[in-house]
2 protein chains.
Amino acid sequence: MFEAFDENITNHVSLSSDELALVHQLFQHKICRKKTMLLNKGQVCGFEAFIIKGCVKRYYIDHEGDEVILQFAVENWWLSDMVSFTEQVPSLLYIETIEDTELLQITFQNKELLFKEIPKLERVFRLLVQRAYSVLENRFFTGLTASAEERYLNFIKKYPVLPQRVPQYQIASYLGITPEALSRIRASLLRKK
Amino acid sequence: MFEAFDENITNHVSLSSDELALVHQLFQHKICRKKTMLLNKGQVCGFEAFIIKGCVKRYYIDHEGDEVILQFAVENWWLSDMVSFTEQVPSLLYIETIEDTELLQITFQNKELLFKEIPKLERVFRLLVQRAYSVLENRFFTGLTASAEERYLNFIKKYPVLPQRVPQYQIASYLGITPEALSRIRASLLRKK
DNA sequence: CGCGACGTTGATTTGCCTCAACGATTGTGG
DNA sequence: CCACAATCGTTGAGGCAAATCAACGTCGCG
């Protein structure tokens with residue numbers, strides 16, 4: 001159960017078996033069905049989680065009442081509302097499972113405790129945040145210049161499994177376009193081939 | 001010279017005067033004229049800097065040869081190409097001063113040294129990265145849904161000084177629109193009032 | 001079966017881009 | 001000090017990508 005998780009952490013820093021045991025102890029194993037709300041707008045995000053299995057979306061509701069999907073997260077991804085979690089303020093976002101999902105999650109207090117016991121983990125999590133920042137910045141500037149078609153091609157290249165796991169209108173939302181537009185893009189790509 | 005800088009750091013963690021002295025020693029004071037290139041595409045970003053005075057832009061050149069501005073940074077902001085700096089890989093970006101600018105900057109080696117000497121600073125920089133992440137995520141999702149006019153209104157509300165310090169076509173670039181479009185938006189806003 | 005969720009397709013509209021021309025301002029060399 | 005160019009912002013005309021609105025087919029499920 002912990003293999004990928006351990007690897008993800010010891011990638012960045014080596015831990016004694018005692019230390020690793022403490023880590024395991026502070027992360028709680030959780031299983032939930034699809035369509036479970038893990039976080040609602042207005043709640044303080046109480047967890048940071050590593051996804052062992054499943055698929056999750058993170059989104060907000062815009063002023064017209066539509067879902068805008070910021071992120072899909074699958075196996076071996078970290079999941080949280082970083083803003084809400086680290087600053088312990090109410091979230092603006094929703095987090096919801098798309099499939100039955102298995103997580104390892106830690107609370108804010110336990111994460112603080114973990115840092116106190118094993119300070120070198122500060123480094124690991126700083127690197128994780130930096131990585132997340134890079135990914136976001138990349139996505140941001142392809143979003144600024146690329147056309148919808150390019151963004152879609154980019155998406156399926158980067159996440160080839162997601163189209164099979166996520167309904168198309170949610171992918172459209174992630175790409176920042178309407179479902180109709182995505183449908184037409186796909187049709188036009190088929191015609192080209 | 002160090003007031004705002006010190007405050008920015010001791011906000012998150014308290015330091016002894018010895019520790020603070022070490023920090024000061026490892027950050028180098030630098031002054032440069034406007035239009036100085038601080039980073040070129042292809043270089044490994046050698047610094048992380050705190051802006052004491054001045055204004056800087058961070059941008060890349062798109063496939064049509066146009067500047068796309070990702071960030072303006074002014075007094076009391078941190079500045080770096082985080083991806084390039086932390087992973088020590090060649091940058092895709094340019095960083096250039098818009099005004100005469102005064103910086104406190106640290107090298108990669110010295111930052112590592114700093115962390116080794118004062119591990120609790122890992123925490124400070126983790127929090128800084130997280131803050132940067134929040135800002136970016138916010139900007140990202142207003143970019144996904146908001147119209148150009150909304151983005152502009154947002155911008156002047158958030159950074160009321162920048163329109164006086166930065167030419168309008170660069171603001172347009174930052175907002176992801178053409179200078180013409182921004183000009184029209186401004187004209188239309190004036191008409192409304 | 002019948003209903004709702006999802007994807008497709010068509011017609012129309014719209015927000016922003018592109019291209020082009022034109023003032024206003026600033027800087028520069030003669 | 002003026003002539004000239006360069007830079008910047010504005011305005012107009014036309015075009016295009018994607019949004020909106022609407023209708024329809026298909027599939028899975030209570």
# chains A, B, ... in the order shown; residues from 1 in each chain; ligands from 1
>>> interface_residues(of="chain B", to="chain C", cutoff="10 Å", atoms="only C-alpha atoms (C1' of nucleotides)", output="ChimeraX atom specification")
/B:147-148,177-178,180-181
>>> interface_residues(of="chain D", to="chain B", cutoff="12 Å", atoms="only C-alpha atoms (C1' of nucleotides)", output="list of chain:residue names")
D:DT7, D:DC8, D:DG9, D:DT10, D:DT11, D:DG12
>>> write_last_selection(atoms="N, CA and C atoms (P, O5', C5', C4', C3', O3' and C1' of nucleotides)", output="mmCIF file, in the first residue's frame")
data_model
loop_
_atom_site.group_PDB
_atom_site.id
_atom_site.type_symbol
_atom_site.label_atom_id
_atom_site.label_comp_id
_atom_site.auth_asym_id
_atom_site.auth_seq_id
_atom_site.Cartn_x
_atom_site.Cartn_y
_atom_site.Cartn_z
ATOM 1 P P DT D 7 11.511 52.305 -31.932
ATOM 2 O "O5'" DT D 7 10.443 52.880 -30.891
ATOM 3 C "C5'" DT D 7 10.878 53.742 -29.848
ATOM 4 C "C4'" DT D 7 9.673 54.177 -29.055
ATOM 5 C "C3'" DT D 7 8.694 53.041 -28.751
ATOM 6 O "O3'" DT D 7 8.403 53.094 -27.366
ATOM 7 C "C1'" DT D 7 7.557 54.868 -29.699
ATOM 8 P P DC D 8 7.568 51.913 -26.643
ATOM 9 O "O5'" DC D 8 6.108 52.530 -26.601
ATOM 10 C "C5'" DC D 8 5.903 53.746 -25.875
ATOM 11 C "C4'" DC D 8 4.531 54.280 -26.168
ATOM 12 C "C3'" DC D 8 3.402 53.276 -25.979
ATOM 13 O "O3'" DC D 8 2.623 53.700 -24.862
ATOM 14 C "C1'" DC D 8 3.111 54.608 -27.941
ATOM 15 P P DG D 9 1.425 52.798 -24.330
ATOM 16 O "O5'" DG D 9 0.158 53.473 -24.998
ATOM 17 C "C5'" DG D 9 -0.241 54.766 -24.563
ATOM 18 C "C4'" DG D 9 -1.286 55.291 -25.503
ATOM 19 C "C3'" DG D 9 -2.580 54.483 -25.539
ATOM 20 O "O3'" DG D 9 -3.647 55.343 -25.169
ATOM 21 C "C1'" DG D 9 -1.811 54.945 -27.737
ATOM 22 P P DT D 10 -5.143 54.809 -25.120
ATOM 23 O "O5'" DT D 10 -5.700 55.173 -26.572
ATOM 24 C "C5'" DT D 10 -5.727 56.528 -26.978
ATOM 25 C "C4'" DT D 10 -6.269 56.617 -28.395
ATOM 26 C "C3'" DT D 10 -7.644 55.969 -28.606
ATOM 27 O "O3'" DT D 10 -8.534 56.989 -29.030
ATOM 28 C "C1'" DT D 10 -6.122 55.378 -30.328
ATOM 29 P P DT D 11 -10.100 56.741 -29.061
ATOM 30 O "O5'" DT D 11 -10.354 56.254 -30.547
ATOM 31 C "C5'" DT D 11 -10.092 57.136 -31.631
ATOM 32 C "C4'" DT D 11 -10.215 56.383 -32.928
ATOM 33 C "C3'" DT D 11 -11.486 55.540 -33.079
ATOM 34 O "O3'" DT D 11 -12.240 56.085 -34.151
ATOM 35 C "C1'" DT D 11 -9.559 54.389 -33.848
ATOM 36 P P DG D 12 -13.712 55.523 -34.510
ATOM 37 O "O5'" DG D 12 -13.425 54.646 -35.809
ATOM 38 C "C5'" DG D 12 -12.780 55.226 -36.939
ATOM 39 C "C4'" DG D 12 -12.561 54.167 -37.998
ATOM 40 C "C3'" DG D 12 -13.735 53.201 -38.180
ATOM 41 O "O3'" DG D 12 -14.034 53.111 -39.576
ATOM 42 C "C1'" DG D 12 -11.723 51.999 -37.857
#
>>> interface_residues(of="chain B", to="chain A", cutoff="8 Å", atoms="only C-alpha atoms", output="list in words")
Asp62, Leu70, Met82, Val83, Pro119, Glu122, Arg123, Phe125, Arg126, Val129, Gln130, Arg131, Ala132, Tyr133, Ser134, Leu136, Glu137, Phe140, Phe141, Leu144, Thr145 and Gly176 of chain B
>>> atom_distance(atom1="atom CA of Glu112 of chain A", atom2="atom CA of Ala49 of chain A")
14.7 Å
>>> select_by_dssp(residues="chain A", states="strand (DSSP E or B)", output="number ranges by chain")
A: 28-32, 37-39, 44, 48-53, 55-61, 67-74, 78-79, 90, 94-97, 101-106
>>> select_by_dssp(residues="segment 2-182 of chain B", states="helix (DSSP H, G or I)", output="number ranges by chain")
B: 3-10, 17-26, 82-87, 108-117, 120-145, 148-158, 162-165, 168-175, 179-182
>>> atom_distance(atom1="atom CA of Ile52 of chain B", atom2="atom CA of Glu67 of chain B")
25.3 Å
>>> residues_around(residues="Leu38 of chain A", least_positions_apart="4", cutoff="9 Å", atoms="only C-alpha atoms (C1' of nucleotides)", output="ChimeraX atom specification")
/A:45,94-97
>>> write_last_selection(atoms="C-alpha atoms", output="compact mmCIF listing (two decimals), in the first residue's frame")
# COMPACT_ATOMS: atom_id res chain seq x y z
CA CYS A 45 -9.32 22.11 3.99
CA TYR A 94 -14.63 21.98 -4.10
CA ILE A 95 -12.84 18.66 -4.21
CA GLU A 96 -14.81 15.63 -5.31
CA THR A 97 -13.99 12.06 -6.30
>>> atom_distance(atom1="atom CA of Asn76 of chain A", atom2="atom CA of Lys53 of chain A")
7.8 Å
>>> closest_residue(among="B:Leu79, B:Val23, B:Ile106, B:Ile31", to="Gly46 of chain B", atoms="only C-alpha atoms")
B:Ile106
>>> decode(residues="segment 109-150 of chain A", atoms="N, CA and C atoms", output="PDB file, in the first residue's frame")
ATOM      1  N   GLN A 109      -2.471  19.516  11.860  1.00  0.00           N
ATOM      2  CA  GLN A 109      -1.737  19.340  13.115  1.00  0.00           C
ATOM      3  C   GLN A 109      -0.677  18.248  12.975  1.00  0.00           C
ATOM      4  N   ASN A 110      -1.071  17.155  12.366  1.00  0.00           N
ATOM      5  CA  ASN A 110      -0.111  16.064  12.231  1.00  0.00           C
ATOM      6  C   ASN A 110       1.029  16.409  11.289  1.00  0.00           C
ATOM      7  N   LYS A 111       0.731  17.246  10.327  1.00  0.00           N
ATOM      8  CA  LYS A 111       1.802  17.642   9.420  1.00  0.00           C
ATOM      9  C   LYS A 111       2.797  18.537  10.164  1.00  0.00           C
ATOM     10  N   GLU A 112       2.267  19.435  10.966  1.00  0.00           N
ATOM     11  CA  GLU A 112       3.140  20.278  11.797  1.00  0.00           C
ATOM     12  C   GLU A 112       3.984  19.410  12.726  1.00  0.00           C
ATOM     13  N   LEU A 113       3.324  18.437  13.333  1.00  0.00           N
ATOM     14  CA  LEU A 113       4.019  17.511  14.220  1.00  0.00           C
ATOM     15  C   LEU A 113       5.137  16.779  13.482  1.00  0.00           C
ATOM     16  N   LEU A 114       4.790  16.343  12.285  1.00  0.00           N
ATOM     17  CA  LEU A 114       5.758  15.633  11.460  1.00  0.00           C
ATOM     18  C   LEU A 114       6.988  16.496  11.180  1.00  0.00           C
ATOM     19  N   PHE A 115       6.745  17.748  10.853  1.00  0.00           N
ATOM     20  CA  PHE A 115       7.859  18.657  10.582  1.00  0.00           C
ATOM     21  C   PHE A 115       8.703  18.868  11.833  1.00  0.00           C
ATOM     22  N   LYS A 116       8.028  18.885  12.956  1.00  0.00           N
ATOM     23  CA  LYS A 116       8.750  19.093  14.212  1.00  0.00           C
ATOM     24  C   LYS A 116       9.639  17.886  14.507  1.00  0.00           C
ATOM     25  N   GLU A 117       9.099  16.708  14.269  1.00  0.00           N
ATOM     26  CA  GLU A 117       9.849  15.481  14.554  1.00  0.00           C
ATOM     27  C   GLU A 117      10.934  15.232  13.504  1.00  0.00           C
ATOM     28  N   ILE A 118      10.607  15.516  12.261  1.00  0.00           N
ATOM     29  CA  ILE A 118      11.543  15.223  11.172  1.00  0.00           C
ATOM     30  C   ILE A 118      11.693  16.458  10.296  1.00  0.00           C
ATOM     31  N   PRO A 119      12.499  17.409  10.779  1.00  0.00           N
ATOM     32  CA  PRO A 119      12.597  18.700  10.064  1.00  0.00           C
ATOM     33  C   PRO A 119      12.994  18.582   8.603  1.00  0.00           C
ATOM     34  N   LYS A 120      13.759  17.560   8.286  1.00  0.00           N
ATOM     35  CA  LYS A 120      14.196  17.482   6.884  1.00  0.00           C
ATOM     36  C   LYS A 120      13.034  17.258   5.928  1.00  0.00           C
ATOM     37  N   LEU A 121      11.868  16.934   6.472  1.00  0.00           N
ATOM     38  CA  LEU A 121      10.700  16.798   5.593  1.00  0.00           C
ATOM     39  C   LEU A 121      10.202  18.148   5.091  1.00  0.00           C
ATOM     40  N   GLU A 122      10.546  19.214   5.810  1.00  0.00           N
ATOM     41  CA  GLU A 122      10.232  20.552   5.289  1.00  0.00           C
ATOM     42  C   GLU A 122      10.730  20.665   3.855  1.00  0.00           C
ATOM     43  N   ARG A 123      11.916  20.149   3.673  1.00  0.00           N
ATOM     44  CA  ARG A 123      12.540  20.221   2.359  1.00  0.00           C
ATOM     45  C   ARG A 123      11.728  19.467   1.309  1.00  0.00           C
ATOM     46  N   VAL A 124      11.330  18.262   1.674  1.00  0.00           N
ATOM     47  CA  VAL A 124      10.540  17.450   0.752  1.00  0.00           C
ATOM     48  C   VAL A 124       9.291  18.199   0.306  1.00  0.00           C
ATOM     49  N   PHE A 125       8.612  18.779   1.258  1.00  0.00           N
ATOM     50  CA  PHE A 125       7.361  19.435   0.906  1.00  0.00           C
ATOM     51  C   PHE A 125       7.590  20.768   0.200  1.00  0.00           C
ATOM     52  N   ARG A 126       8.690  21.411   0.512  1.00  0.00           N
ATOM     53  CA  ARG A 126       9.027  22.604  -0.282  1.00  0.00           C
ATOM     54  C   ARG A 126       9.248  22.222  -1.736  1.00  0.00           C
ATOM     55  N   LEU A 127       9.947  21.125  -1.943  1.00  0.00           N
ATOM     56  CA  LEU A 127      10.200  20.684  -3.318  1.00  0.00           C
ATOM     57  C   LEU A 127       8.910  20.286  -4.021  1.00  0.00           C
ATOM     58  N   LEU A 128       8.024  19.646  -3.270  1.00  0.00           N
ATOM     59  CA  LEU A 128       6.732  19.271  -3.859  1.00  0.00           C
ATOM     60  C   LEU A 128       5.954  20.515  -4.299  1.00  0.00           C
ATOM     61  N   VAL A 129       5.942  21.519  -3.438  1.00  0.00           N
ATOM     62  CA  VAL A 129       5.218  22.737  -3.795  1.00  0.00           C
ATOM     63  C   VAL A 129       5.858  23.388  -5.008  1.00  0.00           C
ATOM     64  N   GLN A 130       7.166  23.404  -5.018  1.00  0.00           N
ATOM     65  CA  GLN A 130       7.857  23.999  -6.159  1.00  0.00           C
ATOM     66  C   GLN A 130       7.524  23.273  -7.446  1.00  0.00           C
ATOM     67  N   ARG A 131       7.457  21.970  -7.352  1.00  0.00           N
ATOM     68  CA  ARG A 131       7.090  21.178  -8.515  1.00  0.00           C
ATOM     69  C   ARG A 131       5.678  21.541  -8.983  1.00  0.00           C
ATOM     70  N   ALA A 132       4.774  21.627  -8.022  1.00  0.00           N
ATOM     71  CA  ALA A 132       3.404  21.994  -8.356  1.00  0.00           C
ATOM     72  C   ALA A 132       3.372  23.370  -9.012  1.00  0.00           C
ATOM     73  N   TYR A 133       4.209  24.252  -8.494  1.00  0.00           N
ATOM     74  CA  TYR A 133       4.273  25.601  -9.056  1.00  0.00           C
ATOM     75  C   TYR A 133       4.738  25.562 -10.522  1.00  0.00           C
ATOM     76  N   SER A 134       5.765  24.784 -10.780  1.00  0.00           N
ATOM     77  CA  SER A 134       6.257  24.661 -12.157  1.00  0.00           C
ATOM     78  C   SER A 134       5.172  24.180 -13.097  1.00  0.00           C
ATOM     79  N   VAL A 135       4.487  23.122 -12.672  1.00  0.00           N
ATOM     80  CA  VAL A 135       3.432  22.557 -13.507  1.00  0.00           C
ATOM     81  C   VAL A 135       2.375  23.617 -13.809  1.00  0.00           C
ATOM     82  N   LEU A 136       1.997  24.336 -12.767  1.00  0.00           N
ATOM     83  CA  LEU A 136       0.959  25.350 -12.936  1.00  0.00           C
ATOM     84  C   LEU A 136       1.426  26.473 -13.849  1.00  0.00           C
ATOM     85  N   GLU A 137       2.675  26.891 -13.660  1.00  0.00           N
ATOM     86  CA  GLU A 137       3.166  27.995 -14.476  1.00  0.00           C
ATOM     87  C   GLU A 137       3.217  27.583 -15.942  1.00  0.00           C
ATOM     88  N   ASN A 138       3.654  26.381 -16.179  1.00  0.00           N
ATOM     89  CA  ASN A 138       3.642  25.841 -17.532  1.00  0.00           C
ATOM     90  C   ASN A 138       2.252  25.842 -18.128  1.00  0.00           C
ATOM     91  N   ARG A 139       1.327  25.319 -17.367  1.00  0.00           N
ATOM     92  CA  ARG A 139      -0.041  25.257 -17.842  1.00  0.00           C
ATOM     93  C   ARG A 139      -0.553  26.660 -18.090  1.00  0.00           C
ATOM     94  N   PHE A 140      -0.185  27.561 -17.198  1.00  0.00           N
ATOM     95  CA  PHE A 140      -0.637  28.930 -17.325  1.00  0.00           C
ATOM     96  C   PHE A 140      -0.165  29.543 -18.621  1.00  0.00           C
ATOM     97  N   PHE A 141       1.086  29.384 -18.952  1.00  0.00           N
ATOM     98  CA  PHE A 141       1.479  30.105 -20.144  1.00  0.00           C
ATOM     99  C   PHE A 141       1.180  29.389 -21.439  1.00  0.00           C
ATOM    100  N   THR A 142       0.947  28.080 -21.398  1.00  0.00           N
ATOM    101  CA  THR A 142       0.349  27.524 -22.618  1.00  0.00           C
ATOM    102  C   THR A 142      -1.100  28.017 -22.740  1.00  0.00           C
ATOM    103  N   GLY A 143      -1.778  28.173 -21.622  1.00  0.00           N
ATOM    104  CA  GLY A 143      -3.142  28.689 -21.649  1.00  0.00           C
ATOM    105  C   GLY A 143      -3.241  30.090 -22.221  1.00  0.00           C
ATOM    106  N   LEU A 144      -2.215  30.880 -21.979  1.00  0.00           N
ATOM    107  CA  LEU A 144      -2.238  32.264 -22.464  1.00  0.00           C
ATOM    108  C   LEU A 144      -2.136  32.352 -23.981  1.00  0.00           C
ATOM    109  N   THR A 145      -1.329  31.500 -24.575  1.00  0.00           N
ATOM    110  CA  THR A 145      -1.087  31.670 -26.004  1.00  0.00           C
ATOM    111  C   THR A 145      -1.717  30.592 -26.891  1.00  0.00           C
ATOM    112  N   ALA A 146      -1.771  29.349 -26.405  1.00  0.00           N
ATOM    113  CA  ALA A 146      -2.203  28.273 -27.289  1.00  0.00           C
ATOM    114  C   ALA A 146      -3.700  28.352 -27.603  1.00  0.00           C
ATOM    115  N   SER A 147      -4.078  27.870 -28.782  1.00  0.00           N
ATOM    116  CA  SER A 147      -5.489  27.780 -29.148  1.00  0.00           C
ATOM    117  C   SER A 147      -6.132  26.613 -28.420  1.00  0.00           C
ATOM    118  N   ALA A 148      -7.443  26.556 -28.468  1.00  0.00           N
ATOM    119  CA  ALA A 148      -8.160  25.473 -27.797  1.00  0.00           C
ATOM    120  C   ALA A 148      -7.710  24.110 -28.321  1.00  0.00           C
ATOM    121  N   GLU A 149      -7.525  24.025 -29.629  1.00  0.00           N
ATOM    122  CA  GLU A 149      -7.100  22.752 -30.206  1.00  0.00           C
ATOM    123  C   GLU A 149      -5.728  22.347 -29.680  1.00  0.00           C
ATOM    124  N   GLU A 150      -4.813  23.293 -29.643  1.00  0.00           N
ATOM    125  CA  GLU A 150      -3.480  22.989 -29.128  1.00  0.00           C
ATOM    126  C   GLU A 150      -3.549  22.552 -27.665  1.00  0.00           C
TER     127      GLU A 150
END
